[in-house]
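**Student:** Next comes coords15.cif, mmCIF, C-alpha atoms:
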data_protein
loop_
_atom_site.group_PDB
_atom_site.id
_atom_site.type_symbol
_atom_site.label_atom_id
_atom_site.label_comp_id
_atom_site.auth_asym_id
_atom_site.auth_seq_id
_atom_site.Cartn_x
_atom_site.Cartn_y
_atom_site.Cartn_z
ATOM 1 C CA MET A 164 0.492 -9.552 3.174
ATOM 2 C CA LEU A 165 -2.854 -8.173 1.952
ATOM 3 C CA GLU A 166 -6.151 -10.058 1.783
ATOM 4 C CA VAL A 167 -9.189 -8.302 0.361
ATOM 5 C CA ASP A 168 -12.193 -10.522 0.936
ATOM 6 C CA GLN A 169 -15.517 -9.910 -0.812
ATOM 7 C CA ILE A 170 -15.588 -6.134 -0.335
ATOM 8 C CA THR A 171 -18.480 -4.088 -1.647
ATOM 9 C CA THR A 172 -18.046 -0.303 -1.722
ATOM 10 C CA ARG A 173 -20.775 2.178 -2.534
ATOM 11 C CA TYR A 174 -21.081 5.881 -3.298
ATOM 12 C CA GLY A 175 -24.572 6.522 -1.996
ATOM 13 C CA ALA A 176 -26.914 4.355 -4.050
ATOM 14 C CA ILE A 177 -24.203 3.496 -6.601
ATOM 15 C CA THR A 178 -22.241 0.296 -6.029
ATOM 16 C CA ALA A 179 -18.698 0.743 -7.330
ATOM 17 C CA LEU A 180 -17.272 -2.592 -6.152
ATOM 18 C CA HIS A 181 -19.183 -5.880 -6.055
ATOM 19 C CA SER A 182 -17.776 -8.489 -3.650
ATOM 20 C CA ALA A 183 -14.218 -7.981 -4.920
ATOM 21 C CA SER A 184 -11.426 -10.201 -3.592
ATOM 22 C CA LEU A 185 -7.686 -10.173 -4.155
ATOM 23 C CA GLU A 186 -4.459 -10.910 -2.350
ATOM 24 C CA VAL A 187 -0.908 -9.582 -2.436
ATOM 25 C CA ARG A 188 1.968 -11.676 -1.116
ATOM 26 C CA ALA A 189 5.146 -10.239 0.355
ATOM 27 C CA GLY A 190 7.630 -9.196 -2.335
ATOM 28 C CA GLU A 191 5.120 -9.328 -5.191
ATOM 29 C CA LEU A 192 4.167 -6.719 -7.741
ATOM 30 C CA VAL A 193 0.448 -7.232 -8.346
ATOM 31 C CA ALA A 194 -1.282 -5.313 -11.137
ATOM 32 C CA LEU A 195 -4.919 -4.252 -11.115
ATOM 33 C CA VAL A 196 -6.141 -3.376 -14.611
ATOM 34 C CA GLY A 197 -9.426 -2.622 -16.310
ATOM 35 C CA PRO A 198 -11.298 0.053 -18.273
ATOM 36 C CA ASN A 199 -12.051 3.525 -16.956
ATOM 37 C CA GLY A 200 -14.784 3.445 -14.338
ATOM 38 C CA ALA A 201 -14.169 -0.213 -13.485
ATOM 39 C CA GLY A 202 -13.614 0.548 -9.784
ATOM 40 C CA LYS A 203 -9.829 0.293 -9.627
ATOM 41 C CA THR A 204 -9.282 3.560 -7.730
ATOM 42 C CA THR A 205 -12.222 2.734 -5.486
ATOM 43 C CA LEU A 206 -10.566 -0.547 -4.536
ATOM 44 C CA LEU A 207 -7.237 1.121 -3.714
ATOM 45 C CA ASN A 208 -8.933 3.884 -1.739
ATOM 46 C CA THR A 209 -10.910 1.302 0.209
ATOM 47 C CA VAL A 210 -7.750 -0.598 1.105
ATOM 48 C CA ALA A 211 -6.045 2.676 2.076
ATOM 49 C CA GLY A 212 -8.877 3.638 4.424
ATOM 50 C CA LEU A 213 -10.165 6.571 2.391
ATOM 51 C CA LEU A 214 -13.443 4.708 1.785
ATOM 52 C CA ARG A 215 -15.274 2.304 4.077
ATOM 53 C CA PRO A 216 -16.627 -0.877 2.505
ATOM 54 C CA ALA A 217 -20.301 -1.697 2.970
ATOM 55 C CA THR A 218 -19.508 -5.394 3.274
ATOM 56 C CA GLY A 219 -16.440 -7.633 3.304
ATOM 57 C CA SER A 220 -13.108 -7.408 5.093
ATOM 58 C CA ILE A 221 -9.508 -6.337 4.530
ATOM 59 C CA ARG A 222 -6.554 -7.913 6.343
ATOM 60 C CA PHE A 223 -3.009 -6.572 6.323
ATOM 61 C CA GLU A 224 -0.287 -8.883 7.650
ATOM 62 C CA GLY A 225 -2.999 -10.932 9.323
ATOM 63 C CA ASN A 226 -4.695 -8.008 11.069
ATOM 64 C CA ASP A 227 -8.185 -6.797 10.225
ATOM 65 C CA ILE A 228 -7.868 -3.204 8.965
ATOM 66 C CA THR A 229 -11.369 -2.851 7.536
ATOM 67 C CA GLY A 230 -12.416 0.778 7.902
ATOM 68 C CA THR A 231 -9.206 1.806 9.687
ATOM 69 C CA GLU A 232 -8.412 5.488 9.199
ATOM 70 C CA PRO A 233 -5.552 6.301 6.801
ATOM 71 C CA ALA A 234 -3.156 7.796 9.366
ATOM 72 C CA ARG A 235 -3.190 4.574 11.377
ATOM 73 C CA LEU A 236 -2.605 2.535 8.230
ATOM 74 C CA VAL A 237 0.475 4.598 7.365
ATOM 75 C CA ARG A 238 1.868 3.852 10.806
ATOM 76 C CA ALA A 239 1.030 0.186 10.281
ATOM 77 C CA GLY A 240 3.120 0.084 7.094
ATOM 78 C CA LEU A 241 0.746 0.800 4.218
ATOM 79 C CA ALA A 242 1.130 3.823 1.918
ATOM 80 C CA LEU A 243 -0.796 5.122 -1.094
ATOM 81 C CA VAL A 244 0.531 7.111 -4.042
ATOM 82 C CA PRO A 245 -2.766 8.619 -5.203
ATOM 83 C CA GLU A 246 -3.980 9.320 -8.705
ATOM 84 C CA HIS A 247 -2.803 12.761 -9.955
ATOM 85 C CA ARG A 248 0.051 12.611 -7.391
ATOM 86 C CA ARG A 249 -1.380 15.293 -5.049
ATOM 87 C CA ILE A 250 1.934 16.680 -3.943
ATOM 88 C CA PHE A 251 2.072 19.983 -2.070
ATOM 89 C CA LYS A 252 2.963 22.366 -4.891
ATOM 90 C CA ASP A 253 3.786 25.355 -2.676
ATOM 91 C CA LEU A 254 6.314 23.357 -0.638
ATOM 92 C CA THR A 255 9.804 22.414 -1.735
ATOM 93 C CA VAL A 256 10.797 18.898 -2.706
ATOM 94 C CA GLU A 257 12.522 18.441 0.641
ATOM 95 C CA GLU A 258 9.515 19.742 2.571
ATOM 96 C CA ASN A 259 7.214 17.324 0.746
ATOM 97 C CA LEU A 260 9.536 14.471 1.656
ATOM 98 C CA ARG A 261 9.778 15.518 5.290
ATOM 99 C CA LEU A 262 6.002 15.513 5.528
ATOM 100 C CA GLY A 263 5.975 11.988 4.130
ATOM 101 C CA GLY A 264 8.347 10.960 6.907
ATOM 102 C CA SER A 265 6.468 12.721 9.687
ATOM 103 C CA THR A 266 5.764 9.445 11.501
ATOM 104 C CA ALA A 267 9.479 8.543 11.635
ATOM 105 C CA SER A 268 12.065 9.539 14.217
ATOM 106 C CA ALA A 269 14.419 12.389 13.344
ATOM 107 C CA HIS A 270 17.244 9.903 12.772
ATOM 108 C CA ASP A 271 15.166 7.650 10.517
ATOM 109 C CA ARG A 272 13.849 10.657 8.615
ATOM 110 C CA ARG A 273 17.403 11.832 7.825
ATOM 111 C CA GLU A 274 18.340 8.359 6.613
ATOM 112 C CA ARG A 275 15.248 8.104 4.427
ATOM 113 C CA LEU A 276 15.920 11.522 2.913
ATOM 114 C CA GLU A 277 19.324 10.260 1.835
ATOM 115 C CA GLU A 278 17.781 7.064 0.485
ATOM 116 C CA ALA A 279 15.249 9.114 -1.489
ATOM 117 C CA ALA A 280 17.999 11.256 -2.956
ATOM 118 C CA ASP A 281 19.924 8.135 -3.996
ATOM 119 C CA LEU A 282 16.885 6.405 -5.508
ATOM 120 C CA PHE A 283 15.631 9.556 -7.270
ATOM 121 C CA PRO A 284 18.725 11.503 -8.411
ATOM 122 C CA VAL A 285 16.606 14.108 -10.186
ATOM 123 C CA LEU A 286 15.030 15.074 -6.866
ATOM 124 C CA ARG A 287 18.431 15.760 -5.323
ATOM 125 C CA THR A 288 18.974 18.419 -7.981
ATOM 126 C CA LYS A 289 15.565 19.972 -7.156
ATOM 127 C CA TRP A 290 15.820 19.785 -3.349
ATOM 128 C CA THR A 291 14.910 23.429 -2.702
ATOM 129 C CA THR A 292 12.601 23.831 -5.716
ATOM 130 C CA SER A 293 8.892 24.314 -5.133
ATOM 131 C CA ALA A 294 7.120 21.126 -6.182
ATOM 132 C CA GLY A 295 4.793 23.119 -8.428
ATOM 133 C CA TYR A 296 7.709 23.740 -10.796
ATOM 134 C CA LEU A 297 8.463 20.050 -11.350
ATOM 135 C CA SER A 298 7.671 18.296 -14.610
ATOM 136 C CA GLY A 299 5.036 15.575 -14.600
ATOM 137 C CA GLY A 300 7.635 12.830 -14.402
ATOM 138 C CA GLU A 301 9.544 14.578 -11.632
ATOM 139 C CA ALA A 302 6.326 15.155 -9.680
ATOM 140 C CA GLN A 303 5.448 11.460 -9.965
ATOM 141 C CA GLN A 304 8.868 10.495 -8.642
ATOM 142 C CA LEU A 305 8.349 12.908 -5.753
ATOM 143 C CA ALA A 306 4.962 11.345 -4.978
ATOM 144 C CA VAL A 307 6.515 7.870 -4.826
ATOM 145 C CA ALA A 308 9.483 9.118 -2.800
ATOM 146 C CA ARG A 309 7.151 10.838 -0.346
ATOM 147 C CA ALA A 310 5.230 7.584 0.170
ATOM 148 C CA LEU A 311 8.483 5.675 0.703
ATOM 149 C CA MET A 312 9.459 8.100 3.473
ATOM 150 C CA SER A 313 7.099 6.212 5.793
ATOM 151 C CA ASN A 314 9.032 3.000 4.976
ATOM 152 C CA PRO A 315 5.872 1.098 3.971
ATOM 153 C CA ARG A 316 5.788 -2.664 3.723
ATOM 154 C CA LEU A 317 3.024 -2.354 1.120
ATOM 155 C CA LEU A 318 2.947 0.431 -1.457
ATOM 156 C CA LEU A 319 -0.243 1.164 -3.414
ATOM 157 C CA LEU A 320 0.183 3.120 -6.645
ATOM 158 C CA ASP A 321 -2.804 4.558 -8.526
ATOM 159 C CA GLU A 322 -2.163 5.284 -12.232
ATOM 160 C CA PRO A 323 1.514 6.278 -11.845
ATOM 161 C CA THR A 324 1.958 7.023 -15.576
ATOM 162 C CA LEU A 325 -1.286 8.941 -16.068
ATOM 163 C CA GLY A 326 -0.744 12.067 -18.178
ATOM 164 C CA LEU A 327 2.992 11.533 -18.637
ATOM 165 C CA ALA A 328 4.977 11.857 -21.856
ATOM 166 C CA PRO A 329 6.248 8.544 -23.300
ATOM 167 C CA THR A 330 9.811 9.135 -22.091
ATOM 168 C CA MET A 331 8.525 9.757 -18.556
ATOM 169 C CA VAL A 332 6.379 6.621 -18.754
ATOM 170 C CA ASP A 333 9.624 4.710 -19.325
ATOM 171 C CA VAL A 334 11.135 6.386 -16.249
ATOM 172 C CA VAL A 335 8.205 5.310 -14.078
ATOM 173 C CA PHE A 336 8.309 1.709 -15.299
ATOM 174 C CA ASP A 337 12.057 1.634 -14.664
ATOM 175 C CA LEU A 338 11.285 2.835 -11.144
ATOM 176 C CA LEU A 339 8.697 0.079 -10.624
ATOM 177 C CA GLN A 340 11.256 -2.457 -11.768
ATOM 178 C CA ARG A 341 13.850 -1.119 -9.311
ATOM 179 C CA LEU A 342 11.373 -1.141 -6.425
ATOM 180 C CA ARG A 343 10.468 -4.716 -7.268
ATOM 181 C CA GLU A 344 14.142 -5.711 -7.366
ATOM 182 C CA GLN A 345 14.556 -4.175 -3.911
ATOM 183 C CA GLY A 346 11.922 -6.573 -2.612
ATOM 184 C CA ARG A 347 9.175 -3.968 -2.198
ATOM 185 C CA THR A 348 5.598 -5.209 -2.180
ATOM 186 C CA LEU A 349 3.487 -3.291 -4.699
ATOM 187 C CA LEU A 350 -0.166 -3.160 -5.733
ATOM 188 C CA VAL A 351 -0.359 -1.086 -8.907
ATOM 189 C CA VAL A 352 -3.342 0.302 -10.811
ATOM 190 C CA GLU A 353 -2.124 1.226 -14.275
ATOM 191 C CA GLN A 354 -3.720 2.306 -17.569
ATOM 192 C CA ASN A 355 -0.897 0.755 -19.613
ATOM 193 C CA ALA A 356 -2.267 -2.713 -18.968
ATOM 194 C CA THR A 357 -0.011 -4.823 -21.158
ATOM 195 C CA ARG A 358 3.176 -3.236 -19.928
ATOM 196 C CA VAL A 359 2.372 -3.434 -16.219
ATOM 197 C CA LEU A 360 1.206 -7.049 -16.546
ATOM 198 C CA GLN A 361 4.469 -7.969 -18.257
ATOM 199 C CA LEU A 362 6.257 -6.630 -15.175
ATOM 200 C CA ALA A 363 3.839 -8.043 -12.590
ATOM 201 C CA ASP A 364 3.994 -11.355 -10.781
ATOM 202 C CA ARG A 365 0.204 -11.604 -10.866
ATOM 203 C CA GLY A 366 -2.699 -9.534 -12.106
ATOM 204 C CA TYR A 367 -6.410 -8.957 -11.639
ATOM 205 C CA LEU A 368 -8.809 -7.697 -14.291
ATOM 206 C CA LEU A 369 -11.619 -5.518 -12.947
ATOM 207 C CA ARG A 370 -14.729 -4.611 -14.928
ATOM 208 C CA THR A 371 -17.820 -2.731 -13.699
ATOM 209 C CA GLY A 372 -16.801 -3.349 -10.116
ATOM 210 C CA ASN A 373 -16.224 -7.087 -10.527
ATOM 211 C CA ILE A 374 -13.008 -9.102 -10.635
ATOM 212 C CA VAL A 375 -13.494 -11.001 -13.897
ATOM 213 C CA ALA A 376 -10.093 -12.646 -14.333
ATOM 214 C CA THR A 377 -6.894 -13.315 -12.443
ATOM 215 C CA GLY A 378 -3.625 -15.052 -13.246
ATOM 216 C CA THR A 379 0.062 -14.496 -13.685
ATOM 217 C CA GLY A 380 0.960 -11.176 -15.237
ATOM 218 C CA ALA A 381 2.464 -12.889 -18.272
ATOM 219 C CA ASP A 382 -0.615 -15.053 -18.875
ATOM 220 C CA LEU A 383 -3.027 -12.128 -18.665
ATOM 221 C CA ALA A 384 -0.836 -9.958 -20.887
ATOM 222 C CA ALA A 385 -0.766 -12.671 -23.546
ATOM 223 C CA ASP A 386 -4.523 -13.297 -23.554
ATOM 224 C CA ASN A 387 -5.721 -11.167 -26.482
ATOM 225 C CA SER A 388 -9.336 -12.320 -26.243
ATOM 226 C CA LEU A 389 -9.500 -11.253 -22.611
ATOM 227 C CA PHE A 390 -8.283 -7.757 -23.380
ATOM 228 C CA ASP A 391 -10.477 -7.329 -26.420
ATOM 229 C CA SER A 392 -13.563 -8.415 -24.484
ATOM 230 C CA PHE A 393 -13.057 -6.567 -21.229
ATOM 231 C CA ILE A 394 -10.617 -3.704 -21.751
ATOM 232 C CA GLY A 395 -10.564 -2.869 -25.444
ATOM 233 C CA LEU A 396 -7.918 -2.414 -28.089
ATOM 234 C CA GLU A 397 -6.682 0.960 -26.908
ATOM 235 C CA ALA A 398 -5.781 -0.224 -23.397
ATOM 236 C CA HIS A 399 -4.060 -3.256 -24.925
ATOM 237 C CA GLY A 400 -1.572 -0.934 -26.602
ATOM 238 C CA ARG A 401 -2.897 -1.385 -30.129
ATOM 239 C CA GLU A 402 -4.710 0.898 -32.528
ATOM 240 C CA ALA A 403 -8.431 0.346 -32.985
#
Can you turn what I pasted into structure tokens?
**Tutor:**
Amino acid sequence: MLEVDQITTRYGAITALHSASLEVRAGELVALVGPNGAGKTTLLNTVAGLLRPATGSIRFEGNDITGTEPARLVRAGLALVPEHRRIFKDLTVEENLRLGGSTASAHDRRERLEEAADLFPVLRTKWTTSAGYLSGGEAQQLAVARALMSNPRLLLLDEPTLGLAPTMVDVVFDLLQRLREQGRTLLVVEQNATRVLQLADRGYLLRTGNIVATGTGADLAADNSLFDSFIGLEAHGREA
């Protein structure tokens, strides 16, 4: 479904990604892990059209989308849940969701609102609440639900558990599991490396802008030497 081929992305004179390549197959959950500053968010933002790569190409369902603007990518079936959620805090839960479904017909939007309410029961109870009053876990669920309103075939999630309490982290991982069981295709950047790799079909380890390892999620999660060398003890879920 997604082929990222040798992309290099720069911020001025700083190269954040160095010839990075990965692929995501239909129905997979693929995890992208690595230390802070490794280039994980840069890679997602490049795929989502928020950044233009200096070199390399990106193909989505066989079509070259390199440098395509984000609005066109949403219509093509690709959606991003950004880091820090970035919901519209002054709008209600329902209004946020309706904005997420702005590319859909009125009929499809109504159906997707019902689907969102079924998938995220807590949001149904907050339908008319301003999003700024939601807890961190509720706001993250709203961000995912808003992205799903466009009915994407590929969902990109950037640090979905960042800043959440442990109980809310469990809620988000339960959500990822449910989305996977529904057959959704997911590319997930996540700070809780071990846990997301245990859930993932496959994973990529990114360090200083380079893909340094790839394999099944289970194999990467079990490779202690890999984590200790490239991520560190803290990200591996152990005390230093």
**Student:** Care to translate the PyMOL selection byres ((chain A and resi 248-257) around 8) into actual residues of this file, as a list in words?
**Tutor:**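 This file, filtered by the PyMOL selection byres ((chain A and resi 248-257) around 8), leaves Val244, Pro245, Glu246, His247, Glu258, Asn259, Leu260, Arg261, Leu286, Lys289, Trp290, Thr291, Thr292, Ser293, Ala294, Gly295, Tyr296, Ala302, Gln303, Leu305, Ala306 and Pro323 of chain A.
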**Student:** On this structure, which residues satisfy the PyMOL selection byres ((chain A and resi 339) around 10), written as a list in words?
**Tutor:**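 The output of the PyMOL selection byres ((chain A and resi 339) around 10) on this file is Leu192, Val307, Leu320, Pro323, Asp333, Val334, Val335, Phe336, Asp337, Leu338, Gln340, Arg341, Leu342, Arg343, Glu344, Gln345, Arg347, Leu349, Val351, Val359, Leu362 and Ala363 of chain A.
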**Student:** To one decimal place in Å, what is the distance between atom CA of Ser265 of chain A and atom CA of Met312 of chain A?
**Tutor:** 8.3 Å
**Student:** Contacts of segment 233-240 of chain A at 12 Å or less, counting all atoms listed in the file, minus same-chain residues fewer than 3 places along, as a ChimeraX atom specification?
**Tutor:** /A:164-165,207-215,221-230,243-244,263-267,309-319,347-348
**Student:** So how many Å separate atom CA of Pro216 of chain A and atom CA of Leu241 of chain A, to one decimal?
**Tutor:** 17.5 Å
**Student:** Considering all atoms listed in the file, can you say which of A:Gly378, A:Ala280, A:Leu180, A:Glu166 comes closest to Thr204 of chain A?
**Tutor:**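 Result for the nearest residue to Thr204 of chain A: A:Leu180.
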**Student:** Can you work out which one of A:Arg365, A:Arg287, A:Arg273, A:Lys203 has the shortest atom-to-atom distance to Val187 of chain A, counting all atoms listed in the file?
**Tutor:**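 Of the candidates, the smallest distance to Val187 of chain A is held by A:Arg365.
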**Student:** Tell me, in Å to one decimal, how far atom CA of Thr330 of chain A is from atom CA of Leu389 of chain A.
**Tutor:**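 Separation between atom CA of Thr330 of chain A and atom CA of Leu389 of chain A: 28.1 Å.
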**Student:** Measuring atom to atom with all atoms listed in the file, identify which of A:Gln304, A:Thr231, A:Ser268, A:Gln354 is nearest to Phe283 of chain A.
**Tutor:** A:Gln304
**Student:** Rank nothing, just name the residue among A:Leu327, A:Val193, A:Glu277, A:Asn199 nearest to Gln361 of chain A, using only C-alpha atoms.
**Tutor:** A:Val193
**Student:** Which residue out of A:Ala279, A:Ile177, A:Leu297, A:Val375 has the minimum interatomic distance to Val196 of chain A when all atoms listed in the file are used?
**Tutor:**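 For Val196 of chain A, the nearest of the candidates is A:Val375.
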**Student:** Might you spell out which residues the PyMOL selection byres ((chain A and resi 357) around 9) would select in the displayed file, as a list of chain:residue names?
**Tutor:**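 So the PyMOL selection byres ((chain A and resi 357) around 9) ends up selecting A:Gln354, A:Asn355, A:Ala356, A:Arg358, A:Val359, A:Leu360, A:Gln361, A:Leu362, A:Gly380, A:Ala381, A:Leu383, A:Ala384, A:Ala385, A:Ala398, A:His399, A:Gly400.
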**Student:** So that I have them on file, write out the residues from the current selection with C-alpha atoms, as a short mmCIF file (atom, residue, chain, number, x, y, z; two decimals), in the coordinates of the input.
**Tutor:**
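Wrote it out as result.cif, contents follow:
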data_model
loop_
_atom_site.label_atom_id
_atom_site.label_comp_id
_atom_site.auth_asym_id
_atom_site.auth_seq_id
_atom_site.Cartn_x
_atom_site.Cartn_y
_atom_site.Cartn_z
CA GLN A 354 -3.72 2.31 -17.57
CA ASN A 355 -0.90 0.76 -19.61
CA ALA A 356 -2.27 -2.71 -18.97
CA ARG A 358 3.18 -3.24 -19.93
CA VAL A 359 2.37 -3.43 -16.22
CA LEU A 360 1.21 -7.05 -16.55
CA GLN A 361 4.47 -7.97 -18.26
CA LEU A 362 6.26 -6.63 -15.18
CA GLY A 380 0.96 -11.18 -15.24
CA ALA A 381 2.46 -12.89 -18.27
CA LEU A 383 -3.03 -12.13 -18.66
CA ALA A 384 -0.84 -9.96 -20.89
CA ALA A 385 -0.77 -12.67 -23.55
CA ALA A 398 -5.78 -0.22 -23.40
CA HIS A 399 -4.06 -3.26 -24.92
CA GLY A 400 -1.57 -0.93 -26.60
#
**Student:** Would you compute, for all listed atoms of segment 341-351 of chain A, the axis-aligned bounding box grown by 6 Å on each side, and then report its centre and edge lengths in Å rounded to one decimal, as JSON?
**Tutor:**
{"center_x": 7.1, "center_y": -3.8, "center_z": -5.7, "size_x": 26.9, "size_y": 17.5, "size_z": 19.1}
